[in-house]
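Here's my_file_38.cif, which has mmCIF, C-alpha atoms:
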data_entry
loop_
_atom_site.label_atom_id
_atom_site.label_comp_id
_atom_site.auth_asym_id
_atom_site.auth_seq_id
_atom_site.Cartn_x
_atom_site.Cartn_y
_atom_site.Cartn_z
CA MET A 1 6.81 4.12 15.71
CA THR A 2 6.11 0.59 16.74
CA GLU A 3 8.11 -2.43 15.71
CA ASN A 4 5.34 -3.20 13.18
CA ASN A 5 7.17 -0.99 10.68
CA GLN A 6 10.22 -3.26 10.60
CA LEU A 7 11.21 -6.47 8.83
CA THR A 8 14.14 -8.72 9.60
CA ILE A 9 15.47 -10.63 6.59
CA LYS A 10 17.88 -13.52 7.14
CA PHE A 11 20.00 -15.31 4.57
CA GLY A 12 20.71 -18.83 5.81
CA GLY A 13 24.09 -20.50 5.20
CA ASP A 14 27.51 -21.11 6.68
CA GLY A 15 29.52 -18.76 4.46
CA ASN A 16 29.42 -15.11 3.46
CA ILE A 17 26.93 -13.92 0.88
CA LYS A 18 28.00 -11.98 -2.20
CA ILE A 19 27.84 -8.20 -1.93
CA ASP A 20 25.73 -8.09 -5.11
CA THR A 21 23.18 -10.38 -3.45
CA LEU A 22 22.68 -7.89 -0.65
CA THR A 23 22.61 -4.71 -2.74
CA GLU A 24 20.41 -6.07 -5.54
CA PHE A 25 18.02 -7.70 -3.07
CA LEU A 26 17.65 -4.44 -1.14
CA ASP A 27 17.15 -2.42 -4.31
CA ASN A 28 14.26 -4.66 -5.38
CA TYR A 29 12.66 -4.39 -1.94
CA LYS A 30 13.04 -0.61 -2.06
CA GLN A 31 11.22 -0.49 -5.39
CA LEU A 32 8.54 -2.82 -4.06
CA LEU A 33 7.97 -0.55 -1.06
CA TYR A 34 7.62 2.48 -3.33
CA LEU A 35 5.05 0.66 -5.49
CA ILE A 36 3.13 -0.28 -2.35
CA ASN A 37 3.20 3.30 -1.06
CA ASN A 38 1.88 4.56 -4.37
CA GLU A 39 -1.02 2.11 -4.16
CA LEU A 40 -1.78 3.29 -0.61
CA GLY A 41 -1.99 6.88 -1.83
CA TYR A 42 1.13 8.12 -0.08
CA ASN A 43 3.95 10.04 -1.70
CA PRO A 44 6.97 7.68 -1.91
CA ALA A 45 9.30 10.65 -1.44
CA ASP A 46 7.89 11.13 2.07
CA MET A 47 8.96 7.66 3.21
CA ILE A 48 12.36 6.96 4.73
CA ILE A 49 13.80 3.44 4.41
CA GLU A 50 16.53 2.56 6.91
CA VAL A 51 18.60 -0.63 6.87
CA SER A 52 20.61 -1.81 9.85
CA PRO A 53 24.12 -3.26 9.24
CA PRO A 54 24.17 -7.01 8.45
CA GLU A 55 24.60 -9.21 11.49
CA ASN A 56 24.70 -13.01 11.50
CA GLY A 57 23.37 -13.18 7.96
CA SER A 58 20.48 -10.77 8.45
CA PHE A 59 19.56 -7.14 8.08
CA LYS A 60 16.56 -5.09 9.16
CA ILE A 61 14.41 -2.77 7.05
CA LYS A 62 12.67 0.06 8.90
CA LEU A 63 10.22 2.56 7.42
CA LYS A 64 9.06 5.85 8.84
CA SER A 65 7.51 9.12 7.75
CA LYS A 66 9.66 12.22 7.32
CA TYR A 67 7.12 14.16 9.33
CA LYS A 68 6.00 13.87 12.94
CA ASP A 69 2.34 13.72 11.98
CA LEU A 70 -0.19 11.51 13.74
CA ILE A 71 -2.12 11.10 10.49
CA LEU A 72 0.95 9.41 8.97
CA GLU A 73 1.82 7.36 12.04
CA LYS A 74 0.44 4.13 10.57
CA MET A 75 2.18 4.62 7.22
CA GLY A 76 5.17 2.37 7.90
CA ASP A 77 3.07 -0.31 9.61
CA LEU A 78 0.63 -0.57 6.70
CA THR A 79 3.36 -0.52 4.05
CA VAL A 80 5.37 -3.29 5.74
CA GLY A 81 2.20 -5.29 6.39
CA THR A 82 1.37 -5.10 2.69
CA LEU A 83 4.86 -6.23 1.71
CA VAL A 84 4.66 -9.17 4.13
CA GLY A 85 1.26 -10.16 2.75
CA LEU A 86 2.51 -10.09 -0.84
CA LEU A 87 5.51 -12.23 0.07
CA ILE A 88 3.27 -14.74 1.85
CA LEU A 89 1.02 -15.03 -1.21
CA PHE A 90 4.02 -15.48 -3.49
CA ALA A 91 5.71 -18.03 -1.22
CA THR A 92 2.51 -20.10 -1.02
CA ASN A 93 1.90 -19.99 -4.80
CA SER A 94 -1.17 -17.82 -4.18
CA THR A 95 -0.45 -14.67 -6.18
CA GLN A 96 -3.08 -15.35 -8.82
CA ASN A 97 -6.87 -15.69 -8.70
CA LYS A 98 -7.27 -15.08 -4.98
CA THR A 99 -10.25 -13.05 -3.78
CA GLU A 100 -9.98 -10.48 -0.99
CA GLU A 101 -11.72 -12.93 1.35
CA GLU A 102 -9.24 -15.70 0.49
CA ILE A 103 -6.33 -13.32 1.05
CA LYS A 104 -7.81 -12.33 4.41
CA LYS A 105 -7.94 -16.01 5.42
CA ILE A 106 -4.32 -16.60 4.33
CA LEU A 107 -3.18 -13.61 6.41
CA GLU A 108 -5.20 -14.71 9.44
CA ASP A 109 -3.51 -18.12 9.27
CA LYS A 110 -0.27 -16.20 9.77
CA GLN A 111 -1.86 -14.20 12.63
CA ILE A 112 -1.93 -11.01 10.54
CA VAL A 113 -5.20 -9.15 11.11
CA ASP A 114 -5.73 -5.73 9.56
CA LYS A 115 -8.96 -4.84 7.76
CA GLU A 116 -7.14 -2.56 5.30
CA LEU A 117 -4.59 -5.12 4.09
CA PRO A 118 -6.63 -7.65 2.02
CA LYS A 119 -7.92 -5.05 -0.47
CA VAL A 120 -4.52 -3.39 -0.93
CA ILE A 121 -2.75 -6.75 -1.29
CA TYR A 122 -5.40 -7.95 -3.76
CA ASN A 123 -4.90 -4.88 -5.97
CA LEU A 124 -1.11 -5.22 -5.91
CA SER A 125 -1.16 -8.97 -6.50
CA GLN A 126 -2.79 -8.26 -9.86
CA ASP A 127 0.09 -5.92 -10.80
CA SER A 128 2.62 -7.63 -13.08
CA GLY A 129 5.33 -5.14 -12.05
CA VAL A 130 4.98 -6.09 -8.38
CA ASN A 131 5.10 -9.82 -9.12
CA GLN A 132 8.19 -9.36 -11.29
CA LYS A 133 10.00 -7.52 -8.47
CA ILE A 134 9.25 -10.33 -6.01
CA GLN A 135 10.32 -12.94 -8.54
CA GLN A 136 13.58 -11.07 -9.09
CA THR A 137 14.44 -11.29 -5.38
CA PHE A 138 14.29 -15.09 -5.58
CA ILE A 139 16.40 -15.09 -8.72
CA ILE A 140 19.00 -13.04 -6.82
CA VAL A 141 19.23 -15.40 -3.83
CA ASN A 142 19.10 -18.45 -6.12
CA ASN A 143 22.17 -17.14 -7.98
CA ASP A 144 24.20 -17.06 -4.75
CA GLU A 145 25.22 -20.58 -3.78
CA ASN A 146 26.03 -19.39 -0.25
CA VAL A 147 22.34 -18.64 0.48
CA LYS A 148 20.77 -21.85 1.79
CA ASP A 149 17.42 -20.40 2.86
CA LEU A 150 15.52 -17.15 3.22
CA LYS A 151 13.69 -16.19 6.41
CA ILE A 152 11.59 -13.11 7.08
CA GLU A 153 10.49 -12.05 10.56
CA ARG A 154 8.19 -9.35 11.88
CA GLU A 155 7.75 -8.50 15.55
CA GLU A 156 10.22 -11.35 16.27
CA LYS A 157 7.81 -13.83 14.66
CA GLU A 158 8.87 -15.93 11.68
CA ILE A 159 6.57 -15.16 8.77
CA ILE A 160 8.37 -16.90 5.91
CA ASN A 161 10.98 -19.69 5.88
CA ILE A 162 11.93 -20.91 2.39
CA ASN A 163 14.60 -23.52 1.74
CA ARG A 164 16.96 -23.07 -1.20
CA THR A 165 15.38 -26.06 -2.93
CA GLU A 166 12.14 -24.05 -3.22
CA PHE A 167 13.70 -20.97 -4.87
CA SER A 168 13.63 -22.37 -8.41
CA LYS A 169 10.00 -23.49 -8.01
CA LEU A 170 8.95 -19.97 -7.08
CA ILE A 171 10.91 -18.54 -10.00
CA ASP A 172 9.29 -21.02 -12.41
CA GLN A 173 5.87 -20.27 -10.93
CA ALA A 174 6.22 -16.57 -11.67
CA THR A 175 7.67 -17.19 -15.12
CA THR A 176 4.70 -19.29 -16.20
CA LEU A 177 2.06 -16.83 -14.98
CA GLU A 178 -0.23 -15.74 -17.77
CA ILE A 179 0.49 -12.19 -18.89
CA GLU A 180 -2.75 -10.28 -19.36
CA GLU A 181 -3.18 -7.18 -21.50
CA LEU A 182 -3.39 -4.36 -18.97
CA PRO A 183 -5.54 -1.30 -19.70
CA GLU A 184 -3.69 2.00 -20.11
CA SER A 185 -5.79 3.49 -17.33
CA ASP A 186 -8.51 2.54 -14.86
CA ILE A 187 -10.65 4.05 -12.10
CA LEU A 188 -10.47 3.02 -8.44
CA THR A 189 -13.34 3.81 -6.07
CA ASP A 190 -13.20 3.40 -2.30
CA GLU A 191 -14.39 4.86 1.01
CA ALA A 192 -12.23 7.67 2.42
CA THR A 193 -12.17 10.33 5.13
CA LEU A 194 -11.14 13.81 3.98
CA ILE A 195 -10.27 16.84 6.11
CA ILE A 196 -11.61 20.06 4.58
CA LYS A 197 -9.01 22.69 3.72
CA THR A 198 -10.78 24.99 1.21
CA ILE A 199 -14.51 25.18 0.39
CA HIS A 200 -16.17 26.17 -2.91
CA PHE A 201 -19.97 26.34 -2.84
CA GLU A 202 -20.44 27.74 -6.34
CA GLY A 203 -19.43 26.60 -9.79
CA HIS A 204 -17.31 23.54 -10.45
CA ALA A 205 -14.19 24.55 -8.55
CA LYS A 206 -12.45 21.73 -6.72
CA TRP A 207 -12.44 21.61 -2.95
CA ALA A 208 -9.10 21.23 -1.19
CA PHE A 209 -8.68 18.43 1.33
CA ILE A 210 -6.13 16.56 3.40
CA PHE A 211 -6.19 12.86 2.56
CA ARG A 212 -3.96 10.47 4.56
CA GLY A 213 -1.81 13.43 5.53
CA TYR A 214 -1.38 14.83 2.02
CA PRO A 215 -3.13 17.74 0.26
CA ILE A 216 -5.41 16.85 -2.64
CA LYS A 217 -8.08 18.66 -4.66
CA ALA A 218 -11.31 16.94 -5.62
CA SER A 219 -14.51 17.84 -7.42
CA ILE A 220 -17.85 16.82 -5.89
CA LYS A 221 -20.49 15.12 -8.06
CA ASP A 222 -23.02 14.58 -5.27
CA ASP A 223 -25.75 17.17 -6.03
CA ASP A 224 -27.88 15.87 -3.17
CA PHE A 225 -25.03 16.75 -0.82
CA PHE A 226 -25.14 20.42 -1.83
CA GLU A 227 -28.93 20.54 -1.46
CA ARG A 228 -28.77 19.15 2.06
CA LEU A 229 -25.99 21.52 3.09
CA LYS A 230 -27.70 24.84 2.32
CA ASN A 231 -28.31 25.28 6.03
CA GLU A 232 -25.23 23.42 7.27
CA ALA A 233 -22.28 25.30 8.75
CA PHE A 234 -18.93 24.37 7.26
CA ARG A 235 -15.49 25.11 8.64
CA LYS A 236 -11.93 24.44 7.74
CA GLY A 237 -10.89 21.27 9.57
CA ASP A 238 -14.28 19.54 9.35
CA ALA A 239 -14.23 15.98 8.02
CA LEU A 240 -16.21 14.35 5.21
CA LYS A 241 -16.68 10.61 4.88
CA VAL A 242 -17.01 9.98 1.16
CA ILE A 243 -16.90 7.57 -1.75
CA LEU A 244 -13.74 8.72 -3.52
CA SER A 245 -12.65 7.78 -7.03
CA LYS A 246 -9.27 8.33 -8.70
CA LYS A 247 -7.74 7.53 -12.07
CA ARG A 248 -4.58 5.46 -12.52
CA ASN A 249 -2.40 5.43 -15.61
CA PHE A 250 -0.13 2.49 -16.47
CA ASP A 251 3.58 3.37 -16.58
CA LYS A 252 5.27 1.00 -19.04
CA ASP A 253 8.78 1.76 -17.75
CA LEU A 254 7.88 0.96 -14.13
CA GLN A 255 5.33 -1.72 -15.11
CA THR A 256 2.81 -0.43 -12.60
CA TYR A 257 -0.06 2.01 -12.24
CA ILE A 258 0.50 5.59 -11.05
CA VAL A 259 -2.35 7.64 -9.56
CA ASP A 260 -3.25 10.83 -11.45
CA GLN A 261 -3.21 13.44 -8.68
CA ASN A 262 -5.60 15.68 -10.66
CA SER A 263 -8.29 13.01 -11.01
CA TYR A 264 -9.84 12.80 -7.52
CA VAL A 265 -13.65 12.90 -7.58
CA ILE A 266 -16.08 12.63 -4.66
CA GLU A 267 -18.91 10.47 -5.98
CA LYS A 268 -20.97 10.62 -2.78
CA VAL A 269 -20.74 12.20 0.67
CA THR A 270 -21.96 9.85 3.39
CA GLU A 271 -21.24 11.94 6.50
CA HIS A 272 -20.13 15.42 7.58
CA ILE A 273 -18.34 15.67 10.92
CA SER A 274 -17.94 19.14 12.41
CA LYS A 275 -14.70 19.71 14.29
CA SER A 276 -16.46 22.12 16.68
CA ASP A 277 -19.76 20.31 17.25
CA ASN A 278 -19.78 16.57 16.81
CA GLN A 279 -23.42 16.46 17.94
CA ASN A 280 -24.52 18.71 15.08
CA ARG A 281 -23.64 16.81 11.94
CA LEU A 282 -25.42 15.44 8.91
CA LYS A 283 -25.55 11.80 7.93
CA PHE A 284 -26.54 10.80 4.43
CA GLU A 285 -28.33 7.52 3.90
#
Final structure tokens representation of the file:
Amino acid sequence: MTENNQLTIKFGGDGNIKIDTLTEFLDNYKQLLYLINNELGYNPADMIIEVSPPENGSFKIKLKSKYKDLILEKMGDLTVGTLVGLLILFATNSTQNKTEEEIKKILEDKQIVDKELPKVIYNLSQDSGVNQKIQQTFIIVNNDENVKDLKIEREEKEIININRTEFSKLIDQATTLEIEELPESDILTDEATLIIKTIHFEGHAKWAFIFRGYPIKASIKDDDFFERLKNEAFRKGDALKVILSKKRNFDKDLQTYIVDQNSYVIEKVTEHISKSDNQNRLKFE
């Protein structure tokens, strides 16, 4: 793992912070990281969060996968990058009504460049549960008179530096956000690469795949794909580049959306990559 999967959080001040400040702050960050991982399509149970002992008013959060799997190698980096992006938006009063392109520009101003981040951050910034968790962290530090500022670093670079005088403004900002009626469920559609595990050419049985290191089953709606593949050799381990949709249901207790693991549907297959012959593959226009 690279250092990209770590954050250093510093509480500024001359005295000691309250123990409740530390524990409650960490608990909110833990819940934020789990919400982010759910949005990314990972299983939160497969993520380890480690915290180094406090030193000079700071502690370090480190994420890593439970498994030594190259497919999951970027998991911690992407999760931390998403958390950093959300905090930047919140700290700059930019959590609402920002497009993906505007979010990309805000991240680039902080020298954060990752093509996957803007879309994920945009989706999460619309989630009231995520915004409430971030707001709660500022309420926690604001309630401790020993905390004079909050700094967050990544790769030894300062990303956020907020003076105590700004805490209440951020809390008020979040409190006055308009609360929209959220649908009970919605459908997300995006590009994805799936590794084939089990094939079903007949009927409506779901194919089994590996997606971002995790097994999923998905039905295929692309009839043109089946027509084109009558003479195409398929093997376990081949890859499909697809347009993948999934259903999310809103969890009122957690105040966030949870992906229905039985709802994956391949709307269109754009490319088939053979693991044994990369020269002999079909592309779909």
Hey, what's within 10 Å of Leu244 in chain A if we count only C-alpha atoms and toss same-chain stuff fewer than 4 positions away? As a count of residues only, please?
16
Taking the file as shown, what set of residues would the PyMOL selection byres ((chain A and resi 138-149) around 7) give back, as a PyMOL selection string?
chain A and resi 11-13+15-18+21+25+134-137+150-151+162-164+167+171
Neighbour list for range 107-112 of chain A as a list in words, cut-off 8 Å, all atoms listed in the file, skip fewer than 3 positions in-chain:
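Listing them by chain and then by number gives Gly85, Ile88, Ile103, Lys104 and Ile159 of chain A.
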note - CA of Phe59 in chain A and CA of Lys10 in chain A are separated by 6.7 Å
Which of A:Arg154, A:Asp114, A:Gly41, A:Glu100 sits closest to Ser245 in chain A [using only C-alpha atoms]
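Among A:Arg154, A:Asp114, A:Gly41, A:Glu100, it is A:Gly41 that comes nearest to Ser245 in chain A.
The closest residue to Phe211 in chain A, picked from A:Ile195, A:Leu40, A:Val80, A:Ile19 and counting all atoms listed in the file, is A:Ile195.
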For this structure, which residues satisfy the selection - the PyMOL selection byres ((chain A and resi 246-254) around 6) - when it is evaluated on the file as given? I want them as a PDB file with C-alpha atoms, in the frame of the given file.
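Wrote result-v6.pdb, looks like this:
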ATOM      1  CA  GLU A 184      -3.690   2.000 -20.110  1.00  0.00           C
ATOM      2  CA  SER A 185      -5.790   3.490 -17.330  1.00  0.00           C
ATOM      3  CA  ASP A 186      -8.510   2.540 -14.860  1.00  0.00           C
ATOM      4  CA  ILE A 187     -10.650   4.050 -12.100  1.00  0.00           C
ATOM      5  CA  LEU A 188     -10.470   3.020  -8.440  1.00  0.00           C
ATOM      6  CA  SER A 245     -12.650   7.780  -7.030  1.00  0.00           C
ATOM      7  CA  GLN A 255       5.330  -1.720 -15.110  1.00  0.00           C
ATOM      8  CA  THR A 256       2.810  -0.430 -12.600  1.00  0.00           C
ATOM      9  CA  TYR A 257      -0.060   2.010 -12.240  1.00  0.00           C
ATOM     10  CA  ILE A 258       0.500   5.590 -11.050  1.00  0.00           C
ATOM     11  CA  VAL A 259      -2.350   7.640  -9.560  1.00  0.00           C
ATOM     12  CA  ASP A 260      -3.250  10.830 -11.450  1.00  0.00           C
ATOM     13  CA  SER A 263      -8.290  13.010 -11.010  1.00  0.00           C
ATOM     14  CA  TYR A 264      -9.840  12.800  -7.520  1.00  0.00           C
TER      15      TYR A 264
END
Which residue, A:Ser274, A:Thr8, A:Ser52, A:Asn28, has the smallest gap to Gln132 in chain A when you use only C-alpha atoms?
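Smallest separation from Gln132 in chain A among the options: A:Asn28.
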Nearest to Asp27 in chain A among A:Lys133, A:Thr198, A:Phe209, A:Glu55, with distances taken over all atoms listed in the file: which residue is it?
A:Lys133
Given the choices A:Leu22, A:Ile216, A:Leu83, A:Val120, which gets closest to Pro54 in chain A if the distance is worked out from only C-alpha atoms?
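Result for the nearest residue to Pro54 in chain A: A:Leu22.
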Which is closest to Gly237 in chain A among A:Glu166, A:Ile199, A:Glu39, A:Ile160, if we use all atoms listed in the file?
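Looking at the shortest contact to Gly237 in chain A, the residue is A:Ile199.
When CA of Lys217 in chain A is paired with CA of His200 in chain A, their separation reads 11.2 Å.
Taking CA of Leu170 in chain A and CA of Asn131 in chain A as the two end points, the separation is 11.0 Å.
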Please determine an axis-aligned box that encloses all atoms of range 218-231 of chain A listed in the file, with 4 Å added on each side, and express its centre and edge lengths in Å to one decimal as lines of an AutoDock Vina configuration file.
center_x = -20.1
center_y = 19.9
center_z = -1.0
size_x = 25.6
size_y = 18.7
size_z = 22.1
